[in-house]
$ cat protein-v8.txt   # compact mmCIF, C-alpha atoms and all ligand atoms
# COMPACT_ATOMS: atom_id res chain seq x y z
CA MET W 1 -4.91 -13.13 14.37
CA PRO W 2 -8.28 -13.46 12.64
CA ARG W 3 -8.82 -17.00 11.52
CA SER W 4 -9.21 -15.98 7.91
CA LEU W 5 -5.63 -14.71 7.88
CA ALA W 6 -3.94 -17.66 9.53
CA ARG W 7 -1.10 -18.92 7.32
CA GLY W 8 -0.98 -18.22 3.65
CA ASP W 9 -0.50 -15.58 1.04
CA TYR W 10 -3.50 -13.36 0.54
CA ARG W 11 -4.70 -10.52 -1.59
CA LEU W 12 -7.20 -7.98 -0.29
CA VAL W 13 -10.06 -8.14 -2.80
CA LEU W 14 -12.33 -5.67 -1.06
CA ALA W 15 -13.16 -4.19 2.31
CA ILE W 16 -16.82 -4.11 3.35
CA GLU W 17 -18.15 -2.04 6.22
CA SER W 18 -20.38 -3.85 8.69
CA ALA W 19 -24.02 -2.85 8.26
CA SER W 20 -24.57 -3.01 12.01
CA ARG W 21 -21.37 -1.42 13.33
CA ALA W 22 -20.05 1.73 11.71
CA ASP W 23 -16.41 1.67 10.65
CA VAL W 24 -15.95 -2.00 11.43
CA TRP W 25 -14.67 -3.65 8.29
CA TYR W 26 -14.71 -7.14 6.87
CA ARG W 27 -11.78 -7.92 4.66
CA VAL W 28 -12.52 -10.30 1.83
CA LEU W 29 -9.21 -11.95 1.00
CA ALA W 30 -8.26 -14.23 -1.88
CA ASP W 31 -5.75 -17.00 -1.31
CA ARG W 32 -3.24 -16.43 -4.09
CA GLN W 33 -2.57 -20.13 -4.54
CA SER W 34 -6.06 -21.61 -4.50
CA GLY W 35 -8.13 -18.53 -5.30
CA ALA W 36 -10.37 -19.35 -2.32
CA LEU W 37 -12.02 -16.37 -0.64
CA SER W 38 -12.22 -15.69 3.07
CA CYS W 39 -14.01 -13.10 5.18
CA ASP W 40 -13.84 -11.75 8.73
CA CYS W 41 -17.56 -11.95 9.36
CA SER W 42 -18.99 -14.46 11.82
CA VAL W 43 -21.01 -16.24 9.14
CA TRP W 44 -17.85 -17.12 7.24
CA ILE W 45 -15.84 -17.94 10.35
CA PHE W 46 -18.36 -20.25 11.99
CA ASN W 47 -19.77 -21.91 8.91
CA GLN W 48 -16.99 -24.44 8.45
CA ASN W 49 -18.87 -26.61 5.98
CA ASN W 50 -19.77 -23.96 3.47
CA ARG W 51 -17.05 -21.35 3.24
CA THR W 52 -19.13 -18.57 1.77
CA CYS W 53 -20.96 -15.52 3.08
CA GLN W 54 -22.74 -12.62 1.43
CA HIS W 55 -19.42 -10.72 1.33
CA THR W 56 -17.52 -13.46 -0.50
CA ASP W 57 -20.51 -13.72 -2.87
CA VAL W 58 -20.11 -10.03 -3.71
CA ALA W 59 -16.37 -10.50 -4.15
CA THR W 60 -16.97 -13.40 -6.51
CA LEU W 61 -19.15 -11.17 -8.68
CA LEU W 62 -16.54 -8.43 -8.55
CA LEU W 63 -13.76 -10.78 -9.60
CA GLN W 64 -15.84 -12.04 -12.51
CA THR W 65 -16.19 -8.54 -13.91
CA PRO W 66 -13.75 -8.57 -16.80
CA GLN W 67 -10.95 -6.10 -16.20
CA ALA W 68 -9.61 -6.66 -19.68
CA ARG W 69 -12.33 -4.49 -21.19
CA VAL W 70 -10.97 -1.51 -19.30
CA GLN W 71 -8.66 0.34 -21.59
CA ARG W 72 -6.46 3.15 -20.49
CA ALA W 73 -7.88 5.26 -23.30
CA THR W 74 -11.18 5.36 -21.46
CA VAL W 75 -9.71 7.05 -18.42
CA SER W 76 -11.12 10.51 -18.21
CA GLN W 77 -8.93 13.39 -17.21
CA THR W 78 -11.31 14.34 -14.44
CA SER W 79 -10.55 11.09 -12.64
CA GLN W 80 -7.09 12.40 -11.89
CA THR W 81 -8.36 15.17 -9.71
CA THR W 82 -11.33 13.83 -7.76
CA PRO W 83 -11.13 14.19 -3.96
CA LEU W 84 -11.02 10.40 -3.64
CA VAL W 85 -8.01 10.10 -5.93
CA ALA W 86 -6.38 13.01 -4.12
CA ALA W 87 -6.88 11.19 -0.82
CA VAL W 88 -5.29 8.00 -2.16
CA GLN W 89 -2.37 10.01 -3.52
CA GLU W 90 -1.94 11.78 -0.19
CA GLN W 91 -1.85 8.48 1.68
CA TRP W 92 0.36 6.74 -0.91
CA PRO W 93 2.28 9.52 -2.71
CA GLY W 94 4.61 7.04 -4.37
CA LEU W 95 1.92 5.42 -6.52
CA GLY W 96 2.26 6.75 -10.05
CA GLY W 97 0.15 6.30 -13.15
CA ALA W 98 -3.35 7.14 -14.37
CA TRP W 99 -6.23 6.88 -11.92
CA GLU W 100 -9.87 6.04 -12.36
CA ILE W 101 -12.75 5.89 -9.91
CA GLU W 102 -15.96 3.90 -10.33
CA GLU W 103 -18.91 4.16 -7.98
CA ARG W 104 -22.16 2.28 -7.81
CA GLN W 105 -24.85 1.47 -5.30
CA SER W 106 -25.97 -2.06 -4.70
CA ARG W 107 -27.42 -4.23 -1.94
CA ILE W 108 -25.65 -6.76 0.16
CA GLY W 109 -28.44 -8.85 1.63
CA GLN W 110 -31.00 -6.36 2.94
CA HIS W 111 -28.61 -3.46 3.18
CA PRO W 112 -27.85 -0.74 0.64
CA TYR W 113 -24.15 -0.19 -0.02
CA ARG W 114 -22.03 2.30 -1.87
CA PHE W 115 -19.14 0.63 -3.67
CA ILE W 116 -16.11 2.73 -4.52
CA LEU W 117 -13.56 1.15 -6.84
CA VAL W 118 -10.18 2.76 -7.42
CA ARG W 119 -8.14 1.70 -10.41
CA LEU W 120 -4.52 2.52 -11.16
CA PHE W 121 -2.93 2.12 -14.58
CA PRO W 122 0.69 1.97 -13.42
CA GLY W 123 3.16 4.22 -15.18
CA ASN W 124 5.41 1.17 -15.54
CA GLY W 125 2.70 -0.57 -17.56
CA GLY W 126 1.01 -3.88 -16.95
CA GLU W 127 -2.58 -4.67 -16.12
CA PRO W 128 -4.60 -2.06 -14.20
CA ILE W 129 -4.82 -2.65 -10.45
CA THR W 130 -7.98 -2.17 -8.44
CA GLY W 131 -8.91 -1.66 -4.81
CA VAL W 132 -12.49 -1.57 -3.53
CA ALA W 133 -14.21 -0.32 -0.39
CA ALA W 134 -17.96 -0.81 0.21
CA PHE W 135 -19.73 1.56 2.60
CA ALA W 136 -22.95 0.60 4.37
CA LEU W 137 -25.45 3.38 3.71
CA THR W 138 -27.15 2.75 7.04
CA HIS W 139 -24.27 4.76 8.53
CA GLN W 140 -23.62 8.44 7.99
CA HIS W 141 -20.37 9.19 6.16
CA THR W 142 -18.79 12.56 5.63
CA ASP W 143 -16.82 13.06 2.42
CA ALA W 144 -13.60 13.22 4.44
CA HIS W 145 -14.45 9.94 6.15
CA LEU W 146 -15.13 8.23 2.82
CA ALA W 147 -11.89 9.57 1.39
CA SER W 148 -9.78 8.36 4.30
CA ARG W 149 -11.22 4.83 4.18
CA VAL W 150 -10.90 4.59 0.41
CA ALA W 151 -7.29 5.74 0.73
CA GLY W 152 -6.67 3.27 3.52
CA TRP W 153 -8.27 0.16 2.07
CA ALA W 154 -8.24 0.59 -1.71
CA GLY W 155 -4.92 2.42 -1.68
CA TYR W 156 -3.34 -0.27 0.47
CA ALA W 157 -4.52 -3.02 -1.88
CA ILE W 158 -3.13 -1.20 -4.92
CA ALA W 159 0.20 -0.44 -3.26
CA ALA W 160 0.45 -4.09 -2.24
CA GLU W 161 -0.01 -5.30 -5.80
CA ILE W 162 2.56 -2.78 -7.05
CA ALA W 163 5.09 -4.13 -4.55
CA ARG W 164 4.30 -7.70 -5.47
CA ARG W 165 4.76 -7.09 -9.19
CA GLY W 166 8.10 -5.46 -8.39
CA GLY W 167 9.37 -8.56 -6.63
CA PHE W 168 8.30 -7.93 -3.03
CA PRO W 169 5.62 -10.54 -2.31
CA LEU W 170 6.07 -10.13 1.44
CA ALA W 171 5.06 -6.48 1.33
CA GLY W 172 1.44 -5.42 1.52
CA GLN W 173 -0.01 -8.36 3.39
CA PRO W 174 -3.57 -7.39 4.34
CA PRO W 175 -3.69 -5.39 7.59
CA GLU W 176 -4.84 -7.60 10.43
CA HIS W 177 -7.09 -5.22 12.25
CA PHE W 178 -10.44 -4.67 10.71
CA ARG W 179 -11.64 -2.08 13.17
CA VAL W 180 -10.44 1.24 11.83
CA ALA W 181 -11.51 3.41 14.76
CA PRO W 182 -8.53 4.19 16.99
CA ARG W 183 -8.08 1.98 19.99
CA GLN W 184 -8.02 3.21 23.54
CA SER W 185 -4.33 3.13 24.35
CA SER W 186 -1.76 5.09 22.42
CA ALA W 187 0.90 3.39 20.31
CA ARG W 188 3.50 4.37 22.88
CA GLN W 189 1.56 2.72 25.68
CA ARG W 190 1.16 -0.43 23.62
CA GLY W 191 4.90 -0.53 22.98
CA PRO W 192 6.82 -1.14 19.78
CA ALA W 193 5.92 -4.83 19.62
CA ALA W 194 2.21 -4.10 19.48
CA ARG W 195 0.47 -4.90 16.24
CA ILE W 196 0.00 -2.01 13.86
CA GLY W 197 -3.38 -1.64 12.26
CA LEU W 198 -4.92 0.54 9.61
CA SER W 199 -5.88 3.09 12.26
CA ASP W 200 -2.17 3.66 12.90
CA ILE W 201 -1.41 4.74 9.36
CA LEU W 202 -4.37 6.77 8.08
CA ARG W 203 -3.50 10.41 7.70
CA VAL W 204 -5.99 11.91 5.30
CA GLY W 205 -9.16 13.93 5.61
CA ASP W 206 -10.62 13.77 9.08
CA GLN W 207 -7.75 11.59 10.25
CA VAL W 208 -5.24 14.38 10.83
CA ASP W 209 -5.71 14.02 14.58
CA LEU W 210 -6.76 10.55 15.59
CA GLY W 211 -6.41 11.37 19.26
CA ASP W 212 -4.08 8.41 19.60
CA GLY W 213 -1.00 10.46 20.41
CA LEU W 214 0.85 9.51 17.24
CA ARG W 215 3.24 12.07 15.85
CA PRO W 216 3.76 12.22 12.06
CA VAL W 217 7.15 10.54 12.42
CA GLU W 218 5.58 7.63 14.31
CA ARG W 219 2.72 7.35 11.86
CA ALA W 220 5.19 7.27 8.97
CA GLU W 221 7.24 4.55 10.67
CA ASN W 222 4.06 2.56 11.35
CA THR W 223 3.03 2.88 7.72
CA LEU W 224 6.38 1.64 6.47
CA ARG W 225 6.40 -1.21 8.99
CA LEU W 226 2.81 -2.29 8.35
CA PHE W 227 3.27 -2.13 4.61
CA LEU W 228 6.61 -3.93 4.40
CA GLY W 229 5.61 -6.52 6.99
CA GLU W 230 7.87 -7.72 9.78
CA THR W 231 10.17 -9.87 7.62
CA LEU W 232 10.96 -7.22 5.03
CA TYR W 233 11.04 -4.42 7.62
CA THR W 234 13.60 -6.39 9.64
CA GLN W 235 15.61 -7.15 6.52
CA LEU W 236 15.71 -3.45 5.70
CA ALA W 237 16.84 -2.61 9.22
CA GLN W 238 19.58 -5.25 9.16
CA GLN W 239 21.04 -4.79 5.69
CA GLY W 240 20.17 -1.11 5.44
CA PHE W 241 18.68 -1.18 1.96
CA LEU W 242 16.17 -2.68 -0.45
CA ASP W 243 16.99 -3.27 -4.12
CA VAL W 244 14.45 -2.22 -6.75
CA LEU W 245 14.99 -3.61 -10.24
CA SER W 246 14.60 -1.24 -13.16
CA VAL W 247 11.78 -1.86 -15.62
CA GLN W 248 13.06 0.65 -18.17
CA THR W 249 16.73 -0.25 -18.24
CA PRO W 250 17.71 -3.92 -18.24
CA GLY W 251 20.61 -4.56 -15.89
CA ARG W 252 19.96 -1.54 -13.66
CA VAL W 253 19.28 -1.87 -9.94
CA TYR W 254 18.30 0.95 -7.57
CA ARG W 255 19.59 0.38 -4.05
CA LEU W 256 17.34 2.32 -1.68
CA ARG W 257 19.19 2.85 1.58
CA ARG W 258 17.96 3.86 5.01
CA ASP W 259 19.80 5.95 7.52
CA PRO W 260 20.03 3.76 10.67
CA SER W 261 19.00 6.75 12.79
CA HIS W 262 16.01 7.43 10.50
CA LEU W 263 16.87 11.11 10.32
CA ARG W 264 18.30 11.98 6.92
CA GLU W 265 17.46 10.56 3.53
CA ARG W 266 20.20 8.61 1.82
CA ARG W 267 21.05 8.82 -1.84
CA VAL W 268 19.93 5.99 -4.07
CA ARG W 269 22.86 3.89 -5.24
CA VAL W 270 22.51 2.90 -8.88
CA PHE W 271 24.06 -0.27 -10.27
CA GLU W 272 24.43 -1.09 -13.96
CA GLN W 273 25.20 -4.72 -14.82
CA GLY W 274 26.29 -5.26 -11.24
CA CYS W 275 28.64 -2.26 -11.10
CA TYR W 276 27.97 0.62 -8.69
CA VAL W 277 28.01 3.67 -10.99
CA HIS W 278 25.96 6.54 -9.55
CA ASP W 279 24.26 8.12 -6.59
CA TYR W 280 20.88 9.72 -7.26
CA CYS W 281 19.79 12.40 -4.87
CA ILE W 282 15.99 12.31 -4.69
CA VAL W 283 15.20 15.04 -2.20
CA ARG W 284 12.27 14.73 0.13
CA GLY W 285 9.68 17.42 0.51
CA GLN W 286 9.69 19.71 3.50
CA ASP W 287 8.36 18.25 6.74
CA VAL W 288 8.05 14.75 5.31
CA PRO W 289 9.28 12.12 7.78
CA GLU W 290 12.19 10.05 6.54
CA ALA W 291 10.12 6.81 6.59
CA ASP W 292 7.49 8.47 4.38
CA HIS W 293 10.17 9.52 1.93
CA PHE W 294 11.64 6.02 1.82
CA LEU W 295 8.27 4.38 1.16
CA THR W 296 7.40 7.01 -1.43
CA VAL W 297 10.58 6.51 -3.47
CA PHE W 298 10.18 2.74 -3.13
CA LEU W 299 6.62 2.76 -4.50
CA GLN W 300 7.48 5.41 -7.11
CA LEU W 301 10.22 3.31 -8.67
CA LEU W 302 8.01 0.23 -8.54
CA SER W 303 4.98 1.93 -10.10
CA ASP W 304 6.30 4.73 -12.30
CA GLU W 305 10.05 4.69 -12.80
CA GLU W 306 9.98 7.32 -15.54
CA ARG W 307 8.26 9.86 -13.30
CA THR W 308 10.74 9.16 -10.49
CA LEU W 309 13.70 9.70 -12.76
CA SER W 310 12.21 12.85 -14.25
CA VAL W 311 13.51 14.78 -11.23
CA VAL W 312 17.03 13.36 -11.56
CA ARG W 313 19.22 15.76 -13.52
CA ALA W 314 22.94 16.38 -13.74
CA HIS W 315 22.88 18.45 -10.55
CA ASN W 316 21.48 15.65 -8.41
CA MET W 317 23.41 12.81 -9.99
CA PHE W 318 26.67 12.04 -8.23
CA GLY W 319 29.55 9.61 -8.33
CA PRO W 320 29.66 6.55 -6.07
CA HIS W 321 29.98 7.05 -2.30
CA SER W 322 28.95 10.70 -2.55
CA ASP W 323 27.05 10.61 0.74
CA GLY W 324 28.88 7.93 2.68
CA PRO W 325 31.86 5.59 2.46
CA GLU W 326 29.99 2.36 3.24
CA PRO W 327 31.37 -0.30 0.90
CA GLU W 328 29.04 -2.37 -1.24
CA ARG W 329 29.51 -6.05 -0.50
CA THR W 330 26.10 -7.38 -1.52
CA PRO W 331 25.77 -7.97 -5.27
CA ALA W 332 23.00 -6.00 -6.97
CA VAL W 333 21.44 -8.60 -9.24
CA TRP W 334 19.00 -7.58 -11.94
CA ALA W 335 16.34 -9.86 -13.41
CA ALA W 336 13.43 -9.18 -15.74
CA ARG W 337 10.03 -8.93 -14.09
CA ALA W 338 8.06 -12.13 -14.10
ZN ZN W 401 -18.50 -12.19 5.26
$ encode --input "protein-v8.txt" --output "structure tokens"
Amino acid sequence: MPRSLARGDYRLVLAIESASRADVWYRVLADRQSGALSCDCSVWIFNQNNRTCQHTDVATLLLQTPQARVQRATVSQTSQTTPLVAAVQEQWPGLGGAWEIEERQSRIGQHPYRFILVRLFPGNGGEPITGVAAFALTHQHTDAHLASRVAGWAGYAIAAEIARRGGFPLAGQPPEHFRVAPRQSSARQRGPAARIGLSDILRVGDQVDLGDGLRPVERAENTLRLFLGETLYTQLAQQGFLDVLSVQTPGRVYRLRRDPSHLRERRVRVFEQGCYVHDYCIVRGQDVPEADHFLTVFLQLLSDEERTLSVVRAHNMFGPHSDGPEPERTPAVWAARA
């Protein structure tokens, strides 16, 4: 594990490409408790007396930029349809709300960089959430390459914050690997216990075939596992569900269940004031792996509950136990968001 990630609770502030090695990324992380920044670069790691580097300096400037001045009213309609936003939405289809992209060029030390900031105004409300990737202009980047890295890094950071706000602080811990390029051995050769990195989840633009032997089902499972983290992923496997608390309707809990065989999607069990009252059938799109569908519904409810429910009508609303007799023994407890 990189030293900067040892123990603690971190937020990915931005990802910065190495100026000397293409597609090698430094993650600037903020300790959520102390606010202290860390970086993967050797300057930060070996300079024990002065925990700064040019990357944390940039992050400090970025964090000082007041987000409060950004009003949703300023979001232009065109932002919704840029290729970069489309790439983030393809990688994280559950994220719902209004999108905005900001780009600027600036130097880090001697090197020119292109900063791409993605901002989501969640459909569920609350402060806008940003993710940032900085590309070293000394390297050549195709549009597809840019889009896949923005989706991977900025999208991941935004999805992580959405999960955290929804009561899942263990989800969305920053990915450990900071080399995006696929590694030599395939995931199957490495075995299921091998660490999953960002290269194992990217699926946009030029990343359709990574040459790593991953099938879409495996990539979807990796994405779910990487994003939830081992603790939450194991909890899901053992209890078979995760509970998402409604923002719109006090007292309502959505119980998102997983088929143990990971083949079919399960209906969402809906609890009102602790009572199991409905099954919602939220159908997955064709050819979408079950793990993708699970993560999508999870992030949808956490980011934009209204949009998720807009597809639920009388014909896909059922009585309790409509797709399985499993009894409910675990209370579904609602609480207001912090
Ligand atoms: Zn650094």
$ residues_near_ligand --input "protein-v8.txt" --ligand "ligand ZN 401 (chain W)" --cutoff "10 Å" --atoms "all atoms listed in the file" --output "list in words"
Ile16, Ser18, Trp25, Tyr26, Arg27, Val28, Leu37, Ser38, Cys39, Asp40, Cys41, Ser42, Val43, Trp44, Ile45, Arg51, Thr52, Cys53, Gln54, His55, Thr56, Asp57, Val58 and Ala59 of chain W
$ atom_distance --input "protein-v8.txt" --atom1 "atom CA of W:Gly274" --atom2 "atom CA of W:Arg225"
28.7 Å
$ atom_distance --input "protein-v8.txt" --atom1 "atom CA of W:Thr330" --atom2 "atom CA of W:Thr223"
26.9 Å
$ atom_distance --input "protein-v8.txt" --atom1 "atom CA of W:Gly166" --atom2 "atom CA of W:Val244"
7.3 Å
$ residues_around --input "protein-v8.txt" --residues "W:Tyr280" --least-positions-apart "3" --cutoff "9 Å" --atoms "only C-alpha atoms" --output "MDAnalysis selection string"
chainID W and resid 267:270 312:313 316:319
$ closest_residue --input "protein-v8.txt" --among "W:Asp23, W:Thr130, W:Gln91, W:Gly97" --to "W:Thr65" --atoms "only C-alpha atoms"
W:Thr130
$ residues_around --input "protein-v8.txt" --residues "W:Gly285" --least-positions-apart "4" --cutoff "12 Å" --atoms "all atoms listed in the file" --output "list in words"
Pro93, Glu265, Pro289, Glu290, Asp292, His293, Phe294, Thr296 and Val297 of chain W
$ residues_around --input "protein-v8.txt" --residues "W:Phe115" --least-positions-apart "2" --cutoff "9 Å" --atoms "all atoms listed in the file" --output "ChimeraX atom specification"
/W:16,102-106,113,117,132-136
$ write_last_selection --input "protein-v8.txt" --atoms "C-alpha atoms" --output "tab-separated table (two decimals), in the frame of the given file"
chain	number	residue	atom	x	y	z
W	16	ILE	CA	-16.82	-4.11	3.35
W	102	GLU	CA	-15.96	3.90	-10.33
W	103	GLU	CA	-18.91	4.16	-7.98
W	104	ARG	CA	-22.16	2.28	-7.81
W	105	GLN	CA	-24.85	1.47	-5.30
W	106	SER	CA	-25.97	-2.06	-4.70
W	113	TYR	CA	-24.15	-0.19	-0.02
W	117	LEU	CA	-13.56	1.15	-6.84
W	132	VAL	CA	-12.49	-1.57	-3.53
W	133	ALA	CA	-14.21	-0.32	-0.39
W	134	ALA	CA	-17.96	-0.81	0.21
W	135	PHE	CA	-19.73	1.56	2.60
W	136	ALA	CA	-22.95	0.60	4.37
$ residues_around --input "protein-v8.txt" --residues "W:Arg307" --least-positions-apart "5" --cutoff "10 Å" --atoms "only C-alpha atoms" --output "list in words"
Gly96, Gly97, Gly123, Asn124, Gln300, Leu301 and Val312 of chain W
$ closest_residue --input "protein-v8.txt" --among "W:Trp92, W:Trp99, W:Trp334, W:Phe46" --to "W:Gly167" --atoms "only C-alpha atoms"
W:Trp334
$ residues_around --input "protein-v8.txt" --residues "W:Ile158" --least-positions-apart "4" --cutoff "8 Å" --atoms "all atoms listed in the file" --output "list of chain:residue names"
W:Arg119, W:Leu120, W:Ile129, W:Thr130, W:Gly131, W:Ala154, W:Ile162
$ closest_residue --input "protein-v8.txt" --among "W:Arg258, W:Gly125, W:Gly324, W:Glu306" --to "W:Leu242" --atoms "all atoms listed in the file"
W:Arg258
$ decode --input "protein-v8.txt" --residues "stretch 55-64 of chain W" --atoms "all heavy atoms" --output "short mmCIF file (atom, residue, chain, number, x, y, z; two decimals), in the first residue's frame"
data_model
loop_
_atom_site.label_atom_id
_atom_site.label_comp_id
_atom_site.auth_asym_id
_atom_site.auth_seq_id
_atom_site.Cartn_x
_atom_site.Cartn_y
_atom_site.Cartn_z
N HIS W 55 2.34 19.12 -5.97
CA HIS W 55 0.97 18.63 -6.21
C HIS W 55 0.04 19.02 -5.06
O HIS W 55 -1.10 19.41 -5.29
CB HIS W 55 0.99 17.11 -6.40
CG HIS W 55 2.01 16.66 -7.40
ND1 HIS W 55 3.09 15.88 -7.07
CD2 HIS W 55 2.14 16.94 -8.71
CE1 HIS W 55 3.83 15.67 -8.15
NE2 HIS W 55 3.28 16.31 -9.16
N THR W 56 0.55 18.89 -3.81
CA THR W 56 -0.30 19.31 -2.69
C THR W 56 -0.47 20.84 -2.70
O THR W 56 -1.51 21.35 -2.28
CB THR W 56 0.25 18.85 -1.33
OG1 THR W 56 1.59 19.36 -1.17
CG2 THR W 56 0.28 17.33 -1.23
N ASP W 57 0.55 21.56 -3.21
CA ASP W 57 0.41 23.02 -3.34
C ASP W 57 -0.74 23.36 -4.28
O ASP W 57 -1.55 24.26 -4.00
CB ASP W 57 1.71 23.64 -3.86
CG ASP W 57 2.83 23.58 -2.82
OD1 ASP W 57 2.52 23.30 -1.64
OD2 ASP W 57 3.99 23.80 -3.19
N VAL W 58 -0.80 22.65 -5.41
CA VAL W 58 -1.89 22.88 -6.36
C VAL W 58 -3.24 22.54 -5.72
O VAL W 58 -4.22 23.27 -5.86
CB VAL W 58 -1.67 22.02 -7.64
CG1 VAL W 58 -2.92 22.03 -8.50
CG2 VAL W 58 -0.50 22.55 -8.43
N ALA W 59 -3.26 21.44 -4.98
CA ALA W 59 -4.52 21.02 -4.34
C ALA W 59 -4.97 22.05 -3.31
O ALA W 59 -6.17 22.32 -3.18
CB ALA W 59 -4.34 19.66 -3.68
N THR W 60 -4.01 22.64 -2.61
CA THR W 60 -4.35 23.67 -1.62
C THR W 60 -5.03 24.85 -2.31
O THR W 60 -6.06 25.35 -1.84
CB THR W 60 -3.08 24.14 -0.89
OG1 THR W 60 -2.48 23.01 -0.24
CG2 THR W 60 -3.41 25.20 0.16
N LEU W 61 -4.48 25.26 -3.44
CA LEU W 61 -5.10 26.35 -4.20
C LEU W 61 -6.50 25.97 -4.65
O LEU W 61 -7.44 26.76 -4.56
CB LEU W 61 -4.25 26.68 -5.43
CG LEU W 61 -2.98 27.49 -5.20
CD1 LEU W 61 -2.22 27.65 -6.51
CD2 LEU W 61 -3.34 28.86 -4.62
N LEU W 62 -6.63 24.74 -5.12
CA LEU W 62 -7.92 24.26 -5.62
C LEU W 62 -8.96 24.27 -4.50
O LEU W 62 -10.11 24.70 -4.69
CB LEU W 62 -7.74 22.85 -6.17
CG LEU W 62 -8.90 22.25 -6.92
CD1 LEU W 62 -8.97 22.86 -8.32
CD2 LEU W 62 -8.72 20.74 -7.04
N LEU W 63 -8.55 23.82 -3.32
CA LEU W 63 -9.48 23.74 -2.20
C LEU W 63 -9.87 25.12 -1.69
O LEU W 63 -10.92 25.29 -1.07
CB LEU W 63 -8.86 22.92 -1.06
CG LEU W 63 -8.74 21.42 -1.35
CD1 LEU W 63 -7.89 20.73 -0.29
CD2 LEU W 63 -10.11 20.78 -1.43
N GLN W 64 -9.00 26.12 -1.95
CA GLN W 64 -9.32 27.47 -1.49
C GLN W 64 -10.29 28.19 -2.43
O GLN W 64 -10.85 29.20 -2.07
CB GLN W 64 -8.03 28.30 -1.36
CG GLN W 64 -7.21 27.91 -0.14
CD GLN W 64 -5.83 28.52 -0.15
OE1 GLN W 64 -5.40 29.07 -1.16
NE2 GLN W 64 -5.13 28.40 0.97
#
